[in-house]
file data25.csv (CSV, C-alpha atoms)
chain,number,residue,atom,x,y,z
K,1,MET,CA,-20.6,38.7,-2.6
K,2,ARG,CA,-17.7,41.0,-1.7
K,3,THR,CA,-16.4,43.6,-4.1
K,4,LEU,CA,-12.7,43.7,-4.9
K,5,GLU,CA,-12.5,46.9,-2.8
K,6,GLN,CA,-14.0,45.2,0.2
K,7,THR,CA,-11.7,42.2,-0.2
K,8,THR,CA,-8.7,44.5,-0.5
K,9,GLN,CA,-9.7,46.3,2.7
K,10,GLU,CA,-10.2,43.1,4.6
K,11,VAL,CA,-6.7,41.9,3.5
K,12,LEU,CA,-5.2,45.1,4.7
K,13,ASP,CA,-7.0,45.0,8.0
K,14,LEU,CA,-6.1,41.3,8.5
K,15,ALA,CA,-2.4,42.0,7.8
K,16,ALA,CA,-2.3,45.1,10.0
K,17,LYS,CA,-4.0,43.2,12.9
K,18,HIS,CA,-1.7,40.1,12.6
K,19,PHE,CA,1.5,42.1,12.4
K,20,GLN,CA,0.3,44.6,15.0
K,21,LEU,CA,0.5,47.6,12.8
K,22,PRO,CA,-1.6,50.8,13.2
K,23,SER,CA,-5.0,50.6,11.4
K,24,GLY,CA,-4.7,52.4,8.0
K,25,SER,CA,-0.9,52.1,7.9
K,26,LEU,CA,-1.0,49.7,4.9
K,27,ALA,CA,-2.1,50.7,1.4
K,28,PRO,CA,-3.3,48.5,-1.6
K,29,ASP,CA,-0.1,49.2,-3.6
K,30,ASP,CA,2.3,48.6,-0.8
K,31,ASP,CA,4.9,45.8,-1.3
K,32,LEU,CA,3.6,43.4,1.3
K,33,PHE,CA,6.9,41.6,1.9
K,34,LYS,CA,8.9,44.8,2.3
K,35,LYS,CA,6.2,46.5,4.4
K,36,LEU,CA,5.6,43.5,6.7
K,37,GLY,CA,9.2,42.2,6.6
K,38,ILE,CA,8.0,38.6,6.7
K,39,ASP,CA,10.0,35.4,6.1
K,40,SER,CA,8.9,32.2,4.4
K,41,LEU,CA,7.3,30.7,7.6
K,42,GLN,CA,5.4,33.9,8.3
K,43,THR,CA,4.3,33.9,4.7
K,44,LEU,CA,2.7,30.5,5.3
K,45,GLU,CA,1.0,31.7,8.4
K,46,MET,CA,-0.4,34.7,6.5
K,47,LEU,CA,-1.7,32.3,3.8
K,48,SER,CA,-3.5,30.3,6.5
K,49,ARG,CA,-5.0,33.4,8.0
K,50,LEU,CA,-6.3,34.6,4.6
K,51,GLU,CA,-7.7,31.2,3.7
K,52,SER,CA,-9.4,30.9,7.1
K,53,HIS,CA,-10.8,34.4,7.0
K,54,PHE,CA,-12.2,34.1,3.4
K,55,GLY,CA,-13.1,30.4,3.6
K,56,ILE,CA,-11.1,29.6,0.5
K,57,GLU,CA,-8.1,27.6,-0.6
K,58,LEU,CA,-5.4,29.8,-2.1
K,59,PRO,CA,-2.6,27.6,-3.7
K,60,ASP,CA,0.8,29.0,-3.1
K,61,TYR,CA,1.6,29.1,-6.8
K,62,GLU,CA,-1.2,31.5,-7.4
K,63,VAL,CA,0.3,34.0,-5.1
K,64,GLN,CA,3.9,33.3,-6.0
K,65,GLY,CA,5.4,36.5,-7.3
K,66,VAL,CA,2.6,38.7,-6.0
K,67,SER,CA,4.1,41.5,-4.1
K,68,ASP,CA,1.3,44.1,-3.5
K,69,PHE,CA,-1.9,43.8,-1.4
K,70,LYS,CA,-4.1,44.8,-4.4
K,71,THR,CA,-3.0,41.9,-6.6
K,72,LEU,CA,-3.2,39.5,-3.6
K,73,ALA,CA,-6.8,40.7,-3.1
K,74,GLU,CA,-7.5,40.0,-6.8
K,75,ARG,CA,-6.2,36.4,-6.5
K,76,ILE,CA,-8.5,35.9,-3.4
K,77,GLN,CA,-11.4,37.5,-5.2
K,78,SER,CA,-11.1,35.0,-8.0
K,79,ARG,CA,-11.6,32.2,-5.5
K,80,LEU,CA,-14.7,33.7,-3.7
U,81,MET,CA,18.5,0.9,28.7
U,82,LYS,CA,15.5,2.6,30.2
U,83,MET,CA,15.6,6.4,29.5
U,84,ARG,CA,12.6,8.1,30.9
U,85,GLU,CA,14.1,11.5,30.3
U,86,PHE,CA,16.6,12.7,27.7
U,87,THR,CA,17.8,16.1,26.6
U,88,GLY,CA,19.9,16.3,23.5
U,89,LYS,CA,21.0,18.9,21.1
U,90,THR,CA,18.0,18.7,18.7
U,91,LEU,CA,15.2,17.1,20.8
U,92,ARG,CA,14.2,16.0,24.3
U,93,TRP,CA,11.8,13.5,25.8
U,94,GLU,CA,10.1,13.0,29.1
U,95,TRP,CA,7.9,10.2,30.5
U,96,LEU,CA,5.0,11.1,32.7
U,97,GLU,CA,2.2,8.8,33.8
U,98,GLY,CA,2.3,6.5,30.8
U,99,VAL,CA,2.8,9.2,28.2
U,100,VAL,CA,6.1,10.1,26.6
U,101,GLU,CA,6.4,13.6,25.1
U,102,LEU,CA,9.1,14.0,22.5
U,103,THR,CA,9.8,17.7,21.8
U,104,LEU,CA,11.7,18.7,18.6
U,105,ASP,CA,13.8,21.7,19.4
U,106,HIS,CA,16.4,22.4,16.8
U,107,ALA,CA,17.0,25.8,15.3
U,108,PRO,CA,15.9,27.2,13.0
U,109,ALA,CA,13.1,25.0,11.8
U,110,ASN,CA,13.6,21.5,13.3
U,111,GLU,CA,15.4,20.3,10.2
U,112,ILE,CA,16.0,16.6,10.2
U,113,GLY,CA,19.7,16.1,9.5
U,114,THR,CA,22.4,13.8,11.0
U,115,ALA,CA,22.2,15.4,14.4
U,116,MET,CA,18.4,14.9,14.8
U,117,LEU,CA,18.6,11.5,13.2
U,118,ALA,CA,21.1,10.3,15.8
U,119,GLU,CA,18.9,11.4,18.6
U,120,LEU,CA,15.8,9.9,17.0
U,121,GLU,CA,17.7,6.7,16.8
U,122,LYS,CA,18.5,6.9,20.5
U,123,PHE,CA,14.7,7.5,21.1
U,124,VAL,CA,13.5,4.5,19.1
U,125,ALA,CA,16.2,2.3,20.8
U,126,SER,CA,14.5,3.0,24.1
U,127,PHE,CA,11.0,1.8,22.9
U,128,GLU,CA,11.4,-1.7,24.2
U,129,SER,CA,12.2,-0.6,27.7
U,130,LEU,CA,9.5,2.2,27.7
U,131,ALA,CA,6.8,-0.1,26.2
U,132,PRO,CA,5.6,-1.9,29.4
U,133,GLU,CA,4.8,1.3,31.1
U,134,THR,CA,3.9,3.6,28.1
U,135,SER,CA,0.6,3.9,26.4
U,136,VAL,CA,1.1,7.0,24.2
U,137,CYS,CA,4.0,9.0,22.7
U,138,ILE,CA,3.3,12.6,21.6
U,139,PHE,CA,5.6,14.3,19.1
U,140,VAL,CA,5.6,18.0,19.4
U,141,SER,CA,7.7,21.0,18.4
U,142,ALA,CA,9.1,23.7,20.7
U,143,LYS,CA,9.5,26.1,17.7
U,144,LYS,CA,6.9,28.8,17.4
U,145,SER,CA,6.1,28.7,13.7
U,146,VAL,CA,7.0,25.2,12.6
U,147,PHE,CA,6.6,21.5,13.5
U,148,SER,CA,9.4,20.6,11.1
U,149,ALA,CA,10.6,22.1,7.8
U,150,GLY,CA,11.7,18.5,6.8
U,151,GLY,CA,15.1,17.2,5.8
U,152,ASP,CA,18.2,19.4,6.4
U,153,LEU,CA,18.7,20.4,2.8
U,154,ARG,CA,21.6,22.7,3.6
U,155,GLU,CA,23.4,19.8,5.2
U,156,LEU,CA,22.5,17.5,2.3
U,157,TYR,CA,23.8,19.9,-0.2
U,158,GLU,CA,27.0,20.7,1.7
U,159,THR,CA,27.7,17.0,2.4
U,160,ALA,CA,27.0,16.0,-1.2
U,161,ALA,CA,29.1,18.9,-2.6
U,162,ALA,CA,32.1,17.8,-0.6
U,163,VAL,CA,32.4,14.4,-2.3
U,164,PRO,CA,32.8,13.5,-6.0
U,165,ALA,CA,29.5,13.0,-7.9
U,166,LYS,CA,30.1,9.3,-8.1
U,167,GLY,CA,30.3,8.9,-4.3
U,168,ARG,CA,27.1,10.9,-3.5
U,169,PRO,CA,24.4,8.1,-3.9
U,170,ALA,CA,26.2,5.9,-1.3
U,171,GLY,CA,26.1,8.7,1.3
U,172,VAL,CA,22.5,9.5,0.5
U,173,ARG,CA,21.5,5.8,0.7
U,174,ALA,CA,23.2,5.4,4.0
U,175,PHE,CA,21.3,8.3,5.5
U,176,LEU,CA,18.0,7.1,4.0
U,177,GLU,CA,18.5,3.6,5.4
U,178,ARG,CA,18.9,5.0,8.9
U,179,ILE,CA,16.0,7.4,8.7
U,180,HIS,CA,13.7,4.7,7.3
U,181,ALA,CA,14.7,2.4,10.2
U,182,VAL,CA,13.7,5.2,12.6
U,183,MET,CA,10.4,6.0,10.8
U,184,ASN,CA,9.5,2.3,10.6
U,185,ALA,CA,10.2,1.9,14.3
U,186,ILE,CA,7.9,4.9,15.0
U,187,ASP,CA,5.3,3.5,12.7
U,188,ALA,CA,5.3,0.1,14.5
U,189,ALA,CA,5.9,1.6,18.0
U,190,PRO,CA,4.5,-0.6,20.8
U,191,PHE,CA,2.3,2.3,22.0
U,192,VAL,CA,0.0,4.8,20.3
U,193,THR,CA,1.9,7.7,18.6
U,194,ILE,CA,0.4,11.2,18.2
U,195,ALA,CA,1.9,14.0,16.2
U,196,ALA,CA,0.7,17.3,17.7
U,197,VAL,CA,1.6,19.7,14.9
U,198,HIS,CA,1.4,23.4,14.3
U,199,GLY,CA,2.9,25.9,11.8
U,200,ALA,CA,4.8,24.5,8.9
U,201,CYS,CA,4.8,20.7,8.6
U,202,LEU,CA,6.8,20.1,5.4
U,203,GLY,CA,8.6,17.3,3.6
U,204,GLY,CA,10.4,15.1,6.2
U,205,GLY,CA,8.4,16.8,9.0
U,206,LEU,CA,5.2,15.6,7.4
U,207,GLU,CA,6.8,12.2,6.9
U,208,LEU,CA,7.5,12.0,10.6
U,209,ALA,CA,3.9,13.0,11.4
U,210,LEU,CA,2.6,10.3,8.9
U,211,ALA,CA,4.6,7.6,10.6
U,212,CYS,CA,2.6,8.4,13.8
U,213,ASP,CA,-0.8,6.8,14.4
U,214,MET,CA,-2.7,10.1,14.6
U,215,ILE,CA,-2.1,13.7,13.7
U,216,ILE,CA,-3.7,16.4,15.8
U,217,ALA,CA,-3.2,19.8,14.1
U,218,ASP,CA,-3.4,23.4,15.1
U,219,LYS,CA,-5.9,25.0,12.7
U,220,MET,CA,-3.1,27.2,11.3
U,221,THR,CA,-0.9,24.3,10.3
U,222,ARG,CA,0.2,23.9,6.7
U,223,PHE,CA,1.3,20.7,5.1
U,224,ALA,CA,3.4,20.1,1.9
U,225,PHE,CA,5.6,17.8,0.0
U,226,PRO,CA,7.9,20.3,-1.9
U,227,GLU,CA,10.5,17.7,-2.9
U,228,LEU,CA,9.7,17.6,-6.7
U,229,ARG,CA,11.0,21.2,-6.8
U,230,LEU,CA,14.4,19.8,-6.0
U,231,GLY,CA,14.3,17.0,-8.6
U,232,PHE,CA,13.6,14.1,-6.2
U,233,ILE,CA,10.7,12.6,-4.3
U,234,PRO,CA,10.0,12.6,-0.6
U,235,GLY,CA,12.6,10.2,0.9
U,236,PHE,CA,11.6,9.4,4.5
U,237,GLY,CA,8.7,7.1,3.6
U,238,GLY,CA,6.2,9.8,2.6
U,239,ILE,CA,4.5,8.4,-0.5
U,240,PRO,CA,4.0,4.8,0.7
U,241,ARG,CA,2.5,6.1,3.9
U,242,LEU,CA,0.3,8.6,2.2
U,243,LYS,CA,-0.9,5.9,-0.2
U,244,ARG,CA,-1.7,3.7,2.8
U,245,ASP,CA,-3.8,6.3,4.4
U,246,LEU,CA,-5.3,8.6,1.8
U,247,GLY,CA,-6.8,8.9,-1.7
U,248,ASN,CA,-4.8,9.5,-4.8
U,249,ALA,CA,-6.4,12.8,-5.7
U,250,PHE,CA,-4.9,14.5,-2.7
U,251,ILE,CA,-1.6,12.7,-2.9
U,252,ARG,CA,-1.0,13.7,-6.5
U,253,ASP,CA,-2.1,17.3,-5.8
U,254,LEU,CA,0.5,17.5,-3.0
U,255,LEU,CA,3.3,15.9,-5.0
U,256,PHE,CA,2.8,17.4,-8.4
U,257,THR,CA,2.1,21.0,-7.3
U,258,GLY,CA,4.3,21.2,-4.2
U,259,ARG,CA,1.7,23.5,-2.7
U,260,THR,CA,1.0,23.8,1.0
U,261,VAL,CA,-2.5,22.8,2.2
U,262,ASN,CA,-4.2,24.1,5.2
U,263,ALA,CA,-5.4,22.1,8.2
U,264,ALA,CA,-9.1,22.3,7.2
U,265,ARG,CA,-8.3,20.7,3.9
U,266,ALA,CA,-6.0,18.2,5.5
U,267,GLN,CA,-8.8,17.2,7.9
U,268,ALA,CA,-11.3,17.0,5.0
U,269,VAL,CA,-9.2,14.4,3.2
U,270,GLY,CA,-8.5,12.4,6.3
U,271,LEU,CA,-4.9,13.4,7.0
U,272,ILE,CA,-5.7,14.9,10.4
U,273,ALA,CA,-7.5,13.0,13.2
U,274,GLN,CA,-8.4,16.1,15.2
U,275,LEU,CA,-8.3,19.9,14.5
U,276,ALA,CA,-7.2,22.1,17.4
U,277,GLY,CA,-7.6,25.8,18.0
U,278,GLU,CA,-4.6,28.0,17.8
U,279,GLY,CA,-1.9,27.0,20.3
U,280,GLU,CA,-4.1,24.1,21.5
U,281,ALA,CA,-2.7,21.1,19.6
U,282,LEU,CA,-0.5,19.8,22.5
U,283,ARG,CA,-3.3,20.2,25.1
U,284,ILE,CA,-5.7,18.3,22.9
U,285,ALA,CA,-3.0,15.6,22.3
U,286,ARG,CA,-2.5,15.2,26.0
U,287,SER,CA,-6.3,14.9,26.6
U,288,THR,CA,-6.5,12.3,23.8
U,289,ALA,CA,-3.5,10.5,25.3
U,290,ALA,CA,-5.3,10.4,28.7
U,291,GLN,CA,-8.3,8.7,27.1
U,292,ILE,CA,-6.1,6.2,25.2
U,293,THR,CA,-4.3,5.1,28.3
U,294,LYS,CA,-7.7,3.8,29.7
U,295,TYR,CA,-7.8,0.9,27.2
U,296,ASP,CA,-6.1,-2.5,27.6
U,297,ALA,CA,-2.6,-2.4,26.2
U,298,ALA,CA,-2.7,-5.8,24.5
U,299,THR,CA,-6.0,-5.0,22.8
U,300,ARG,CA,-4.7,-1.6,21.7
U,301,ALA,CA,-1.5,-3.1,20.3
U,302,ALA,CA,-3.5,-5.8,18.4
U,303,ALA,CA,-5.8,-3.2,16.9
U,304,LYS,CA,-2.9,-1.1,15.8
U,305,LYS,CA,-1.2,-4.0,14.1
U,306,PHE,CA,-4.4,-4.9,12.4
U,307,ILE,CA,-5.3,-1.5,11.0
U,308,LYS,CA,-1.8,-0.1,10.2
U,309,PRO,CA,0.2,-2.4,8.1
U,310,ILE,CA,3.7,-1.1,7.2
U,311,PRO,CA,4.3,-0.9,3.4
U,312,TYR,CA,7.8,-2.3,3.6
U,313,ASP,CA,8.1,-3.2,-0.1
U,314,GLU,CA,7.1,0.3,-1.3
U,315,LEU,CA,9.4,1.9,1.3
U,316,ARG,CA,12.3,-0.1,-0.1
U,317,ARG,CA,11.5,1.0,-3.6
U,318,GLU,CA,11.2,4.6,-2.5
U,319,ILE,CA,14.9,4.5,-1.3
U,320,ASP,CA,16.0,3.1,-4.7
U,321,LEU,CA,14.1,5.7,-6.6
U,322,PHE,CA,15.3,8.5,-4.5
U,323,CYS,CA,18.9,7.4,-5.0
U,324,GLU,CA,18.4,7.0,-8.7
U,325,LEU,CA,17.0,10.5,-9.0
U,326,PHE,CA,19.6,12.0,-6.8
U,327,THR,CA,22.4,11.1,-9.3
U,328,ARG,CA,21.2,13.7,-11.8
U,329,PRO,CA,23.2,17.0,-11.9
U,330,THR,CA,20.0,19.0,-11.9
U,331,VAL,CA,19.4,18.0,-8.3
U,332,MET,CA,22.6,19.6,-7.0
U,333,ALA,CA,21.8,22.8,-9.0
U,334,ALA,CA,18.3,22.8,-7.4
U,335,LEU,CA,19.6,22.2,-3.9
U,336,LYS,CA,22.2,25.1,-4.4
U,337,LYS,CA,19.4,27.4,-5.5
U,338,PHE,CA,17.2,26.4,-2.6
U,339,VAL,CA,19.8,26.9,0.1
U,340,GLU,CA,20.6,30.3,-1.3
U,341,ASP,CA,17.0,31.4,-1.7
U,342,SER,CA,15.8,33.9,0.9
U,343,GLY,CA,12.5,34.6,-0.9
U,344,PRO,CA,9.0,34.1,0.7
U,345,MET,CA,8.3,30.8,-1.1
U,346,PRO,CA,11.6,28.9,-1.4
U,347,TYR,CA,9.7,25.6,-1.6
U,348,LEU,CA,8.3,26.5,-5.0
U,349,PRO,CA,10.3,26.5,-8.2

call {"tool": "encode", "arguments": {"input": "data25.csv", "output": "structure tokens"}}
result
Amino acid sequence: MRTLEQTTQEVLDLAAKHFQLPSGSLAPDDDLFKKLGIDSLQTLEMLSRLESHFGIELPDYEVQGVSDFKTLAERIQSRL
Amino acid sequence: MKMREFTGKTLRWEWLEGVVELTLDHAPANEIGTAMLAELEKFVASFESLAPETSVCIFVSAKKSVFSAGGDLRELYETAAAVPAKGRPAGVRAFLERIHAVMNAIDAAPFVTIAAVHGACLGGGLELALACDMIIADKMTRFAFPELRLGFIPGFGGIPRLKRDLGNAFIRDLLFTGRTVNAARAQAVGLIAQLAGEGEALRIARSTAAQITKYDAATRAAAKKFIKPIPYDELRREIDLFCELFTRPTVMAALKKFVEDSGPMPYLP
């Protein structure tokens, strides 16, 4: 079972890799939409990548309004 | 009229060795409005002439992140807003009658139809895929029916076709939450025939089409007719219900909010 810290780090690594950002350039409290500059279609793609990576289903309404990586990781953690 | 090739403003098709590929290519997200509808009508009008030498039709998108985001809600809002409230249902009904005729023709096409989907496959885009005989999906595809967020139901034949093909638990989850579901889930419930790796849906659809062309056309057509009845009565009721819901003022308010929303999840309320 992953810890929340591990899940958060994996979310950060996944986002950095997908959006081709330098490793370590994202932090848990960053505003993910501002930092990544993603639109609604890219948000869906990111959701698919997170679900595929963690092997979970993450309904959109559970991440609606989530703006930082740490809270996103908490939502994922509750589904692991 | 036989049209082996066509290039329009929203889509194009090409015939090659018994397989027609129809490519949706309408910025930004292959929205299905009056322009795409007119070209889809042109396509289904060519079915009779294509049929004798066509085994399979593949529907695919040229857009990177989307198969189709569904009905053109901006056009729907702007068209409806331009006429008095009393006149809106007639315009909506006229559009729905035309799109239902297209979807029914695709559903009953005299060859096998495959939707090779990737990215977002939402609302009317999912309804187009559901009219096809098989869905082959890139593993990053997401499916949703977000219509309830706008105060109406899917209007291009979505619910009757989902009911024909899938169980109620999944249908109600899709409709009542408006959430997007991933391709693995969609395959688990039977929505997807085959799951493709990233960027591989069209290649796998072509390979599947090549296999399908080996079978006798008359047998294939008989099998299709036998296993895929078209729920005409429910489709008629869907049009009536959609038009009834569309008359409520809350719908125009929701459409306005949607077209002005630039947030990351405009499909959720």

call {"tool": "closest_atom_pairs", "arguments": {"input": "data25.csv", "of": "chain K", "to": "chain U", "cutoff": "6 Å", "atoms": "only C-alpha atoms", "output": "CSV"}}
result
residue,atom,partner,partner_atom,distance
K:Asp39,CA,U:Pro344,CA,5.6
K:Ser40,CA,U:Pro344,CA,4.2
K:Ser48,CA,U:Met220,CA,5.7
K:Asp60,CA,U:Arg259,CA,5.6

call {"tool": "closest_residue", "arguments": {"input": "data25.csv", "among": "U:Ile251, U:Val140, U:Ala131, U:Leu275", "to": "Leu104 in chain U", "atoms": "only C-alpha atoms"}}
result
U:Val140

call {"tool": "residues_around", "arguments": {"input": "data25.csv", "residues": "Glu5 in chain K", "least_positions_apart": "2", "cutoff": "12 Å", "atoms": "all atoms listed in the file", "output": "PDB file with C-alpha atoms, in the coordinates of the input"}}
result
ATOM      1  CA  MET K   1     -20.600  38.700  -2.600  1.00  0.00           C
ATOM      2  CA  ARG K   2     -17.700  41.000  -1.700  1.00  0.00           C
ATOM      3  CA  THR K   3     -16.400  43.600  -4.100  1.00  0.00           C
ATOM      4  CA  THR K   7     -11.700  42.200  -0.200  1.00  0.00           C
ATOM      5  CA  THR K   8      -8.700  44.500  -0.500  1.00  0.00           C
ATOM      6  CA  GLN K   9      -9.700  46.300   2.700  1.00  0.00           C
ATOM      7  CA  GLU K  10     -10.200  43.100   4.600  1.00  0.00           C
ATOM      8  CA  VAL K  11      -6.700  41.900   3.500  1.00  0.00           C
ATOM      9  CA  LEU K  12      -5.200  45.100   4.700  1.00  0.00           C
ATOM     10  CA  ALA K  27      -2.100  50.700   1.400  1.00  0.00           C
ATOM     11  CA  PRO K  28      -3.300  48.500  -1.600  1.00  0.00           C
ATOM     12  CA  PHE K  69      -1.900  43.800  -1.400  1.00  0.00           C
ATOM     13  CA  LYS K  70      -4.100  44.800  -4.400  1.00  0.00           C
ATOM     14  CA  THR K  71      -3.000  41.900  -6.600  1.00  0.00           C
ATOM     15  CA  LEU K  72      -3.200  39.500  -3.600  1.00  0.00           C
ATOM     16  CA  ALA K  73      -6.800  40.700  -3.100  1.00  0.00           C
ATOM     17  CA  GLU K  74      -7.500  40.000  -6.800  1.00  0.00           C
ATOM     18  CA  ILE K  76      -8.500  35.900  -3.400  1.00  0.00           C
ATOM     19  CA  GLN K  77     -11.400  37.500  -5.200  1.00  0.00           C
TER      20      GLN K  77
END

call {"tool": "atom_distance", "arguments": {"input": "data25.csv", "atom1": "CA of Arg317 in chain U", "atom2": "CA of Arg168 in chain U"}}
result
18.5 Å

call {"tool": "atom_distance", "arguments": {"input": "data25.csv", "atom1": "CA of Ala297 in chain U", "atom2": "CA of Ile194 in chain U"}}
result
16.1 Å

call {"tool": "atom_distance", "arguments": {"input": "data25.csv", "atom1": "CA of Leu91 in chain U", "atom2": "CA of Ser141 in chain U"}}
result
8.8 Å

call {"tool": "closest_residue", "arguments": {"input": "data25.csv", "among": "U:Ala196, U:Leu254, U:Ile186, U:Ala107", "to": "Met214 in chain U", "atoms": "only C-alpha atoms"}}
result
U:Ala196

call {"tool": "closest_residue", "arguments": {"input": "data25.csv", "among": "U:Ala273, U:Ala125, U:Ala268, U:Leu156", "to": "Ala209 in chain U", "atoms": "only C-alpha atoms"}}
result
U:Ala273

call {"tool": "closest_residue", "arguments": {"input": "data25.csv", "among": "K:Gly24, K:Gln6, K:Ala15, K:Phe54", "to": "Leu36 in chain K", "atoms": "only C-alpha atoms"}}
result
K:Ala15

call {"tool": "closest_residue", "arguments": {"input": "data25.csv", "among": "U:Asn110, U:Glu177, U:Met116, U:Ala161", "to": "Gly205 in chain U", "atoms": "all atoms listed in the file"}}
result
U:Asn110

call {"tool": "residues_around", "arguments": {"input": "data25.csv", "residues": "Arg92 in chain U", "least_positions_apart": "6", "cutoff": "6 Å", "atoms": "all atoms listed in the file", "output": "ChimeraX atom specification"}}
result
/U:86,102-103

call {"tool": "closest_residue", "arguments": {"input": "data25.csv", "among": "U:Glu155, U:Glu121, U:Glu324, U:Glu97", "to": "Cys137 in chain U", "atoms": "only C-alpha atoms"}}
result
U:Glu97

call {"tool": "residues_around", "arguments": {"input": "data25.csv", "residues": "Pro234 in chain U", "least_positions_apart": "6", "cutoff": "7 Å", "atoms": "only C-alpha atoms", "output": "ChimeraX atom specification"}}
result
/U:203,225,227

call {"tool": "write_last_selection", "arguments": {"input": "data25.csv", "atoms": "C-alpha atoms", "output": "short mmCIF file (atom, residue, chain, number, x, y, z; two decimals), in the coordinates of the input"}}
result
data_model
loop_
_atom_site.label_atom_id
_atom_site.label_comp_id
_atom_site.auth_asym_id
_atom_site.auth_seq_id
_atom_site.Cartn_x
_atom_site.Cartn_y
_atom_site.Cartn_z
CA GLY U 203 8.60 17.30 3.60
CA PHE U 225 5.60 17.80 0.00
CA GLU U 227 10.50 17.70 -2.90
#

call {"tool": "residues_around", "arguments": {"input": "data25.csv", "residues": "Leu32 in chain K", "least_positions_apart": "2", "cutoff": "8 Å", "atoms": "all atoms listed in the file", "output": "CSV table (one decimal) with C-alpha atoms, keeping the file's coordinate frame"}}
result
chain,number,residue,atom,x,y,z
K,30,ASP,CA,2.3,48.6,-0.8
K,34,LYS,CA,8.9,44.8,2.3
K,35,LYS,CA,6.2,46.5,4.4
K,36,LEU,CA,5.6,43.5,6.7
K,37,GLY,CA,9.2,42.2,6.6
K,67,SER,CA,4.1,41.5,-4.1
K,68,ASP,CA,1.3,44.1,-3.5
K,69,PHE,CA,-1.9,43.8,-1.4

call {"tool": "axis_aligned_box", "arguments": {"input": "data25.csv", "around": "range 1-12 of chain K", "padding_each_side": "8 Å", "output": "AutoDock Vina command-line options"}}
result
--center_x -12.9 --center_y 42.8 --center_z -0.1 --size_x 31.4 --size_y 24.2 --size_z 25.6

call {"tool": "residues_around", "arguments": {"input": "data25.csv", "residues": "Ala303 in chain U", "least_positions_apart": "6", "cutoff": "12 Å", "atoms": "only C-alpha atoms", "output": "number ranges by chain"}}
result
U: 188, 190-192, 213, 295-297, 309
